[in-house]
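Okay, work.txt now, which holds compact mmCIF, C-alpha atoms and all ligand atoms:
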# COMPACT_ATOMS: atom_id res chain seq x y z
CA MET A 1 0.00 0.00 0.00
CA LYS A 2 1.39 3.37 -1.01
CA ILE A 3 -0.99 5.49 1.04
CA LYS A 4 0.90 6.36 4.22
CA SER A 5 -1.19 9.03 5.82
CA ASN A 6 -4.71 9.91 6.89
CA LEU A 7 -5.89 13.41 7.70
CA HIS A 8 -9.52 12.62 8.46
CA THR A 9 -9.75 11.02 11.90
CA HIS A 10 -11.88 11.51 15.00
CA THR A 11 -10.97 10.90 18.63
CA LEU A 12 -12.53 11.06 22.08
CA LEU A 13 -12.21 14.85 21.75
CA SER A 14 -15.36 14.72 19.55
CA ASP A 15 -17.33 11.61 18.53
CA GLY A 16 -14.48 9.14 18.04
CA ASN A 17 -13.79 6.10 20.18
CA ASN A 18 -10.08 6.35 20.98
CA PRO A 19 -7.73 8.93 22.49
CA VAL A 20 -5.35 10.82 20.21
CA GLU A 21 -2.43 8.82 21.64
CA ARG A 22 -3.99 5.50 20.57
CA MET A 23 -4.61 6.80 17.03
CA ILE A 24 -0.93 7.78 16.83
CA GLU A 25 0.23 4.35 18.08
CA VAL A 26 -1.84 2.51 15.49
CA ALA A 27 -0.75 4.89 12.71
CA ARG A 28 2.85 4.06 13.58
CA ASP A 29 2.11 0.32 13.54
CA LEU A 30 0.60 0.78 10.06
CA GLY A 31 3.82 2.43 8.88
CA PHE A 32 2.19 5.83 8.35
CA VAL A 33 4.58 8.75 7.91
CA SER A 34 1.97 11.20 9.16
CA LEU A 35 -1.43 11.46 10.76
CA GLY A 36 -3.93 14.27 11.08
CA ILE A 37 -6.53 14.61 13.82
CA SER A 38 -9.65 16.33 12.51
CA ASP A 39 -12.32 16.30 15.20
CA HIS A 40 -15.69 17.91 14.56
CA SER A 41 -16.64 21.54 14.87
CA PRO A 42 -18.08 23.03 16.95
CA ILE A 43 -15.69 21.20 19.26
CA GLU A 44 -17.33 22.63 22.39
CA GLU A 45 -20.52 20.65 21.68
CA PHE A 46 -18.80 17.37 22.55
CA GLU A 47 -19.12 17.23 26.29
CA LYS A 48 -17.19 14.02 26.74
CA GLY A 49 -14.30 15.69 24.91
CA ILE A 50 -12.92 19.09 25.67
CA GLY A 51 -16.06 20.60 27.17
CA SER A 52 -17.82 23.87 26.51
CA GLY A 53 -16.33 27.32 26.91
CA ALA A 54 -14.92 30.08 24.77
CA ASP A 55 -11.47 28.47 24.81
CA ALA A 56 -12.60 24.97 23.76
CA GLU A 57 -10.78 25.20 20.42
CA GLU A 58 -7.54 26.27 22.11
CA LYS A 59 -7.86 23.34 24.53
CA TYR A 60 -8.52 20.94 21.68
CA ALA A 61 -5.53 22.17 19.66
CA ALA A 62 -3.30 22.05 22.76
CA ALA A 63 -4.34 18.44 23.48
CA VAL A 64 -3.58 17.35 19.92
CA ARG A 65 -0.26 19.22 19.84
CA LYS A 66 0.82 17.71 23.16
CA ALA A 67 0.17 14.21 21.81
CA ALA A 68 1.96 15.20 18.60
CA GLU A 69 5.07 16.18 20.56
CA SER A 70 5.30 12.71 22.08
CA ALA A 71 5.35 11.28 18.54
CA GLU A 72 8.14 13.61 17.40
CA GLY A 73 10.75 11.80 15.34
CA LYS A 74 8.41 8.84 14.73
CA LEU A 75 5.73 10.39 12.57
CA ASP A 76 4.34 13.85 11.91
CA VAL A 77 1.04 14.51 13.66
CA PHE A 78 -0.99 17.45 12.40
CA CYS A 79 -3.77 19.31 14.16
CA GLY A 80 -6.78 19.73 11.92
CA LEU A 81 -10.50 20.28 12.16
CA GLU A 82 -13.50 18.97 10.27
CA LEU A 83 -15.34 22.25 9.87
CA ASP A 84 -19.07 21.86 9.39
CA TYR A 85 -20.84 24.39 7.16
CA PHE A 86 -22.97 25.61 10.08
CA SER A 87 -20.08 26.53 12.35
CA GLU A 88 -16.99 28.69 12.52
CA CYS A 89 -13.44 28.13 13.71
CA LYS A 90 -10.28 29.90 14.79
CA ARG A 91 -8.37 28.98 11.68
CA GLU A 92 -4.97 30.01 13.02
CA LEU A 93 -5.06 27.10 15.49
CA TYR A 94 -5.00 24.44 12.78
CA ASP A 95 -2.57 22.97 10.27
CA TYR A 96 -5.46 22.26 7.92
CA VAL A 97 -9.24 22.34 7.74
CA ILE A 98 -11.60 19.87 6.05
CA GLY A 99 -14.80 21.51 4.81
CA SER A 100 -17.82 19.23 5.24
CA VAL A 101 -21.59 19.55 5.01
CA HIS A 102 -23.56 17.33 7.41
CA LEU A 103 -26.79 19.30 7.77
CA ILE A 104 -29.16 20.80 5.29
CA GLU A 105 -31.46 23.73 6.01
CA HIS A 106 -34.93 24.47 4.73
CA ASP A 107 -37.19 27.28 5.98
CA GLY A 108 -34.94 27.70 9.01
CA ILE A 109 -35.06 24.02 9.99
CA LYS A 110 -31.88 21.97 9.89
CA GLY A 111 -31.82 18.25 9.12
CA PRO A 112 -28.89 15.80 9.22
CA ILE A 113 -28.20 14.03 5.94
CA ASP A 114 -26.20 11.10 7.33
CA TRP A 115 -28.38 9.82 10.16
CA GLY A 116 -29.80 6.86 8.29
CA PRO A 117 -32.36 6.08 5.58
CA GLU A 118 -35.44 7.08 7.60
CA VAL A 119 -34.23 10.54 8.56
CA SER A 120 -32.87 11.11 5.07
CA ALA A 121 -36.17 10.01 3.49
CA GLN A 122 -38.07 12.35 5.79
CA ILE A 123 -35.87 15.31 4.84
CA LYS A 124 -36.28 14.53 1.15
CA ARG A 125 -40.04 14.36 1.56
CA ASP A 126 -40.62 17.27 3.96
CA PHE A 127 -38.03 19.68 2.55
CA TYR A 128 -38.07 18.83 -1.17
CA GLY A 129 -41.42 17.13 -1.88
CA GLY A 130 -39.64 13.81 -2.45
CA ASP A 131 -37.54 15.17 -5.33
CA ASP A 132 -34.04 13.76 -4.96
CA VAL A 133 -32.50 16.11 -7.53
CA LYS A 134 -33.81 19.15 -5.62
CA PHE A 135 -32.45 17.57 -2.43
CA ALA A 136 -29.07 17.05 -4.09
CA GLU A 137 -29.02 20.55 -5.60
CA ALA A 138 -29.60 22.09 -2.15
CA TYR A 139 -26.82 19.95 -0.67
CA TYR A 140 -24.19 20.67 -3.34
CA LYS A 141 -25.02 24.35 -3.18
CA LEU A 142 -24.05 24.27 0.49
CA VAL A 143 -20.80 22.41 -0.31
CA PHE A 144 -20.06 25.19 -2.80
CA GLU A 145 -21.00 27.95 -0.33
CA HIS A 146 -18.79 26.30 2.29
CA ALA A 147 -15.84 26.27 -0.13
CA ARG A 148 -16.43 29.88 -1.14
CA ARG A 149 -16.85 31.21 2.38
CA ASN A 150 -14.22 29.18 4.23
CA VAL A 151 -11.73 28.09 1.53
CA PRO A 152 -10.91 24.80 3.27
CA ASP A 153 -7.74 22.82 2.50
CA ILE A 154 -9.77 19.72 1.65
CA ILE A 155 -13.37 19.14 0.54
CA GLY A 156 -14.79 16.47 2.89
CA HIS A 157 -16.85 13.47 1.71
CA TYR A 158 -18.08 15.33 -1.39
CA ASP A 159 -21.17 13.21 -2.11
CA LEU A 160 -22.13 12.27 1.46
CA ILE A 161 -25.74 12.84 0.41
CA THR A 162 -25.69 9.43 -1.31
CA LEU A 163 -24.96 7.57 1.95
CA CYS A 164 -28.53 6.80 2.94
CA GLY A 165 -29.81 5.60 -0.44
CA GLN A 166 -32.23 8.49 -1.02
CA ILE A 167 -30.61 9.58 -4.28
CA ASP A 168 -30.95 7.80 -7.62
CA GLU A 169 -27.32 7.98 -8.70
CA THR A 170 -28.18 6.73 -12.19
CA ASN A 171 -30.40 9.74 -12.89
CA PRO A 172 -28.52 11.91 -15.44
CA ARG A 173 -29.96 15.05 -13.82
CA TYR A 174 -28.44 14.03 -10.50
CA ILE A 175 -25.06 13.22 -12.08
CA GLU A 176 -25.11 16.56 -13.88
CA THR A 177 -25.74 18.35 -10.58
CA ALA A 178 -23.06 16.49 -8.61
CA VAL A 179 -20.46 16.76 -11.36
CA GLY A 180 -21.44 20.32 -12.26
CA TYR A 181 -20.51 21.77 -8.90
CA VAL A 182 -16.93 20.43 -9.06
CA SER A 183 -15.67 23.25 -11.30
CA GLU A 184 -17.43 25.89 -9.19
CA ILE A 185 -15.94 24.51 -5.98
CA MET A 186 -12.47 24.30 -7.53
CA LYS A 187 -12.38 28.10 -7.74
CA TYR A 188 -11.85 27.94 -3.98
CA CYS A 189 -10.50 24.48 -3.18
CA SER A 190 -9.25 21.89 -5.66
CA ARG A 191 -8.29 19.12 -3.24
CA PHE A 192 -10.99 16.49 -2.64
CA GLU A 193 -10.73 13.65 -0.19
CA VAL A 194 -11.46 10.10 -1.28
CA ASN A 195 -13.11 8.94 1.89
CA THR A 196 -13.87 5.34 2.93
CA GLY A 197 -15.79 6.37 6.06
CA GLY A 198 -19.14 5.46 4.48
CA MET A 199 -17.83 2.00 3.59
CA SER A 200 -17.21 1.24 7.25
CA ARG A 201 -20.92 2.09 7.72
CA GLY A 202 -22.11 -0.13 4.88
CA HIS A 203 -21.89 2.21 1.88
CA TYR A 204 -20.89 0.42 -1.29
CA ARG A 205 -18.02 2.69 -2.36
CA PRO A 206 -15.82 5.56 -1.17
CA TYR A 207 -16.95 9.17 -1.61
CA PRO A 208 -17.03 10.57 -4.20
CA ALA A 209 -18.47 8.45 -7.04
CA ARG A 210 -16.44 7.70 -10.14
CA PRO A 211 -17.97 10.36 -12.49
CA ILE A 212 -17.05 12.99 -9.90
CA LEU A 213 -13.49 11.65 -9.62
CA GLU A 214 -13.22 11.76 -13.41
CA GLU A 215 -14.29 15.40 -13.41
CA ILE A 216 -11.78 16.29 -10.67
CA LEU A 217 -9.02 14.66 -12.73
CA ARG A 218 -10.17 16.32 -15.95
CA LEU A 219 -10.08 19.76 -14.35
CA GLY A 220 -6.66 19.24 -12.75
CA GLY A 221 -7.85 18.85 -9.17
CA THR A 222 -6.12 16.59 -6.67
CA VAL A 223 -7.24 13.83 -4.32
CA ILE A 224 -6.26 12.83 -0.81
CA PRO A 225 -7.26 9.44 0.62
CA SER A 226 -8.86 9.31 4.07
CA SER A 227 -10.97 6.94 6.10
CA ASP A 228 -12.89 9.35 8.37
CA ALA A 229 -11.81 6.95 11.13
CA HIS A 230 -13.86 7.10 14.31
CA ARG A 231 -11.79 4.23 15.75
CA SER A 232 -8.14 3.24 15.44
CA ALA A 233 -8.99 -0.03 13.66
CA HIS A 234 -10.31 2.00 10.72
CA LEU A 235 -7.22 4.16 10.18
CA ALA A 236 -6.36 2.56 6.83
CA TYR A 237 -9.82 1.18 6.08
CA LYS A 238 -10.04 -0.06 2.45
CA PHE A 239 -7.05 2.07 1.43
CA ASP A 240 -5.91 -0.71 -0.93
CA GLU A 241 -9.24 -0.40 -2.78
CA VAL A 242 -8.91 3.38 -2.95
CA GLU A 243 -5.46 3.08 -4.49
CA GLU A 244 -6.76 0.70 -7.13
CA LEU A 245 -9.81 2.87 -7.85
CA LEU A 246 -7.75 6.04 -8.24
CA ARG A 247 -5.29 4.35 -10.57
CA SER A 248 -8.17 3.00 -12.67
CA VAL A 249 -9.64 6.51 -12.98
CA GLY A 250 -6.25 7.77 -14.13
CA PHE A 251 -4.81 9.51 -11.09
CA LYS A 252 -1.02 9.22 -10.89
CA THR A 253 -0.59 10.82 -7.47
CA VAL A 254 -2.34 11.45 -4.18
CA ASP A 255 -1.76 14.47 -1.94
CA ARG A 256 -0.10 14.23 1.46
CA LEU A 257 0.45 16.95 4.06
CA THR A 258 4.01 17.59 5.24
CA LYS A 259 5.48 20.25 7.53
CA ASP A 260 6.22 22.21 4.34
CA GLY A 261 2.72 21.94 2.96
CA PHE A 262 0.99 19.49 0.63
CA VAL A 263 3.05 17.27 -1.66
CA ALA A 264 2.03 14.74 -4.32
CA ASP A 265 3.01 11.08 -3.81
CA PRO A 266 3.01 8.68 -6.77
CA ILE A 267 0.56 5.77 -6.59
ZN ZN A 301 -18.03 14.41 8.18
ZN ZN A 302 -15.41 13.03 9.80
Can the structure from this file be put into structure tokens for me?
Amino acid sequence: MKIKSNLHTHTLLSDGNNPVERMIEVARDLGFVSLGISDHSPIEEFEKGIGSGADAEEKYAAAVRKAAESAEGKLDVFCGLELDYFSECKRELYDYVIGSVHLIEHDGIKGPIDWGPEVSAQIKRDFYGGDDVKFAEAYYKLVFEHARRNVPDIIGHYDLITLCGQIDETNPRYIETAVGYVSEIMKYCSRFEVNTGGMSRGHYRPYPARPILEEILRLGGTVIPSSDAHRSAHLAYKFDEVEELLRSVGFKTVDRLTKDGFVADPI
């Protein structure tokens, strides 16, 4: 396996299952050269983690950096954040930010798009009259708005909206919508993660789908593999499949973060 890093991971500091130190240990055992911790924003909402308070982000970053120091000389540990569209962050605290959309809003009401088929079906019905293309259009518009407003380093799980099976991915109108937003988003961020987190929850493929990957490649965007690991056992989940998929699409490299910024590794 040529993928030796993962920047999308969650720990006990948000909704993950292991402490930062355990994630680092397992990353080392896997032969990773680097690891990024990217717990969820707003970090102060995770009571079992860092707790509430105006300085929650500082506490989170300090906890990650302390663990990173203990790994010095073994592997590089970066402090990141998975920034949700409906929150803000103190950007200067982080080495990188992943921009993700988890909630969709309609008439002032927010609904989660990844809480399972029933919730997703209800949102599609109540917010969009059962029209999956309208549902998708509203979602991708938020991904675009997120990119424009926050200019993240990485676009998180680009087509998360497909997770719960409420979208007909064979519908040309859907494909046109999902693919169409890639060029708009690339005005602000051209690095997309290829994320196996859905696969560990039963999804049939990594995000994003092949036509989207083809568009990213065509437009000169880059990809960065991740597993959205909420437990240490998933740190390199299905990375071998991701490598194979990316090669078959035509990608020659994947991005990796170093202390000097992002570099491209051959695959
Ligand atoms: Zn996410
Ligand atoms: Zn995540």
Please report as a tab-separated table every residue of chain A lying within 8 Å of ligand ZN 301 (chain A), along with the nearest atom pair and their distance in Å (one decimal), using all atoms listed in the file.
residue	atom	partner	partner_atom	distance
A:His40	CA	A:ZN301	ZN	7.6
A:Glu82	CA	A:ZN301	ZN	6.8
A:Asp84	CA	A:ZN301	ZN	7.6
A:Ser100	CA	A:ZN301	ZN	5.6
A:Val101	CA	A:ZN301	ZN	7.0
A:His102	CA	A:ZN301	ZN	6.3
A:Gly156	CA	A:ZN301	ZN	6.5
A:His157	CA	A:ZN301	ZN	6.6
A:Asp228	CA	A:ZN301	ZN	7.2
### Query
Residues within 12 Å of ligand ZN 302 (chain A) (all atoms listed in the file), as an MDAnalysis selection string?
chainID A and resid 6:11 14:16 36:41 80:84 97:102 114 154:158 160 193 195:198 226:231
### Task
Would you list the residues near (-28.5, 5.1, 6.5) (no more than 12 Å away, in the coordinates of the file, using only C-alpha atoms) as a list of chain:residue names?
A:Pro112, A:Ile113, A:Asp114, A:Trp115, A:Gly116, A:Pro117, A:Glu118, A:Val119, A:Ser120, A:Ala121, A:Leu160, A:Ile161, A:Thr162, A:Leu163, A:Cys164, A:Gly165, A:Gln166, A:Ile167, A:Gly198, A:Met199, A:Ser200, A:Arg201, A:Gly202, A:His203, A:Tyr204
Around all the atoms of region 90-95 of chain A listed in the file, draw an axis-aligned box and extend it by 3 Å on each of the six sides; I want its centre and edge lengths in Å to one decimal, as AutoDock Vina command-line options.
--center_x -6.4 --center_y 26.5 --center_z 12.9 --size_x 13.7 --size_y 13.0 --size_z 11.2
Please, which residues are within 9 Å of (-14.7, 2.4, -3.2) by the file's coordinates, counting all atoms listed in the file, and could they come as a JSON list (two decimals) with C-alpha atoms, keeping the file's coordinate frame?
[["chain", "number", "residue", "atom", "x", "y", "z"],
["A", 194, "VAL", "CA", -11.46, 10.10, -1.28],
["A", 195, "ASN", "CA", -13.11, 8.94, 1.89],
["A", 196, "THR", "CA", -13.87, 5.34, 2.93],
["A", 199, "MET", "CA", -17.83, 2.00, 3.59],
["A", 203, "HIS", "CA", -21.89, 2.21, 1.88],
["A", 204, "TYR", "CA", -20.89, 0.42, -1.29],
["A", 205, "ARG", "CA", -18.02, 2.69, -2.36],
["A", 206, "PRO", "CA", -15.82, 5.56, -1.17],
["A", 207, "TYR", "CA", -16.95, 9.17, -1.61],
["A", 208, "PRO", "CA", -17.03, 10.57, -4.20],
["A", 209, "ALA", "CA", -18.47, 8.45, -7.04],
["A", 210, "ARG", "CA", -16.44, 7.70, -10.14],
["A", 238, "LYS", "CA", -10.04, -0.06, 2.45],
["A", 239, "PHE", "CA", -7.05, 2.07, 1.43],
["A", 241, "GLU", "CA", -9.24, -0.40, -2.78],
["A", 242, "VAL", "CA", -8.91, 3.38, -2.95],
["A", 245, "LEU", "CA", -9.81, 2.87, -7.85]]
### Message
Quick one: residues within 9 Å of Ile24 (chain A), all atoms listed in the file, excluding same-chain residues fewer than 2 positions away - as a list in words?
### Response
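These residues fall inside the cut-off: Pro19, Val20, Glu21, Arg22, Val26, Ala27, Arg28, Asp29, Ser34, Leu35, Ala67, Ala68, Ala71, Leu75, Val77 and Ser232 of chain A.
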### Message
Report, in Å with one decimal, the straight-line distance from CA of Leu30 (chain A) to CA of Tyr237 (chain A).
### Response
11.2 Å
### Query
For Asp55 (chain A), which of A:Ile224, A:Ala236, A:Val33, A:Leu93 is the closest residue, counting only C-alpha atoms?
A:Leu93
### Summary
One decimal place gives the CA of Ser183 (chain A)-CA of Gly250 (chain A) separation as 18.3 Å
### Task
Fewer than 4 positions away in the same chain doesn't count, so skip those; otherwise give me all residues within 9 Å of Gly221 (chain A), counting all atoms listed in the file, as an MDAnalysis selection string.
chainID A and resid 186 189:192 215:217
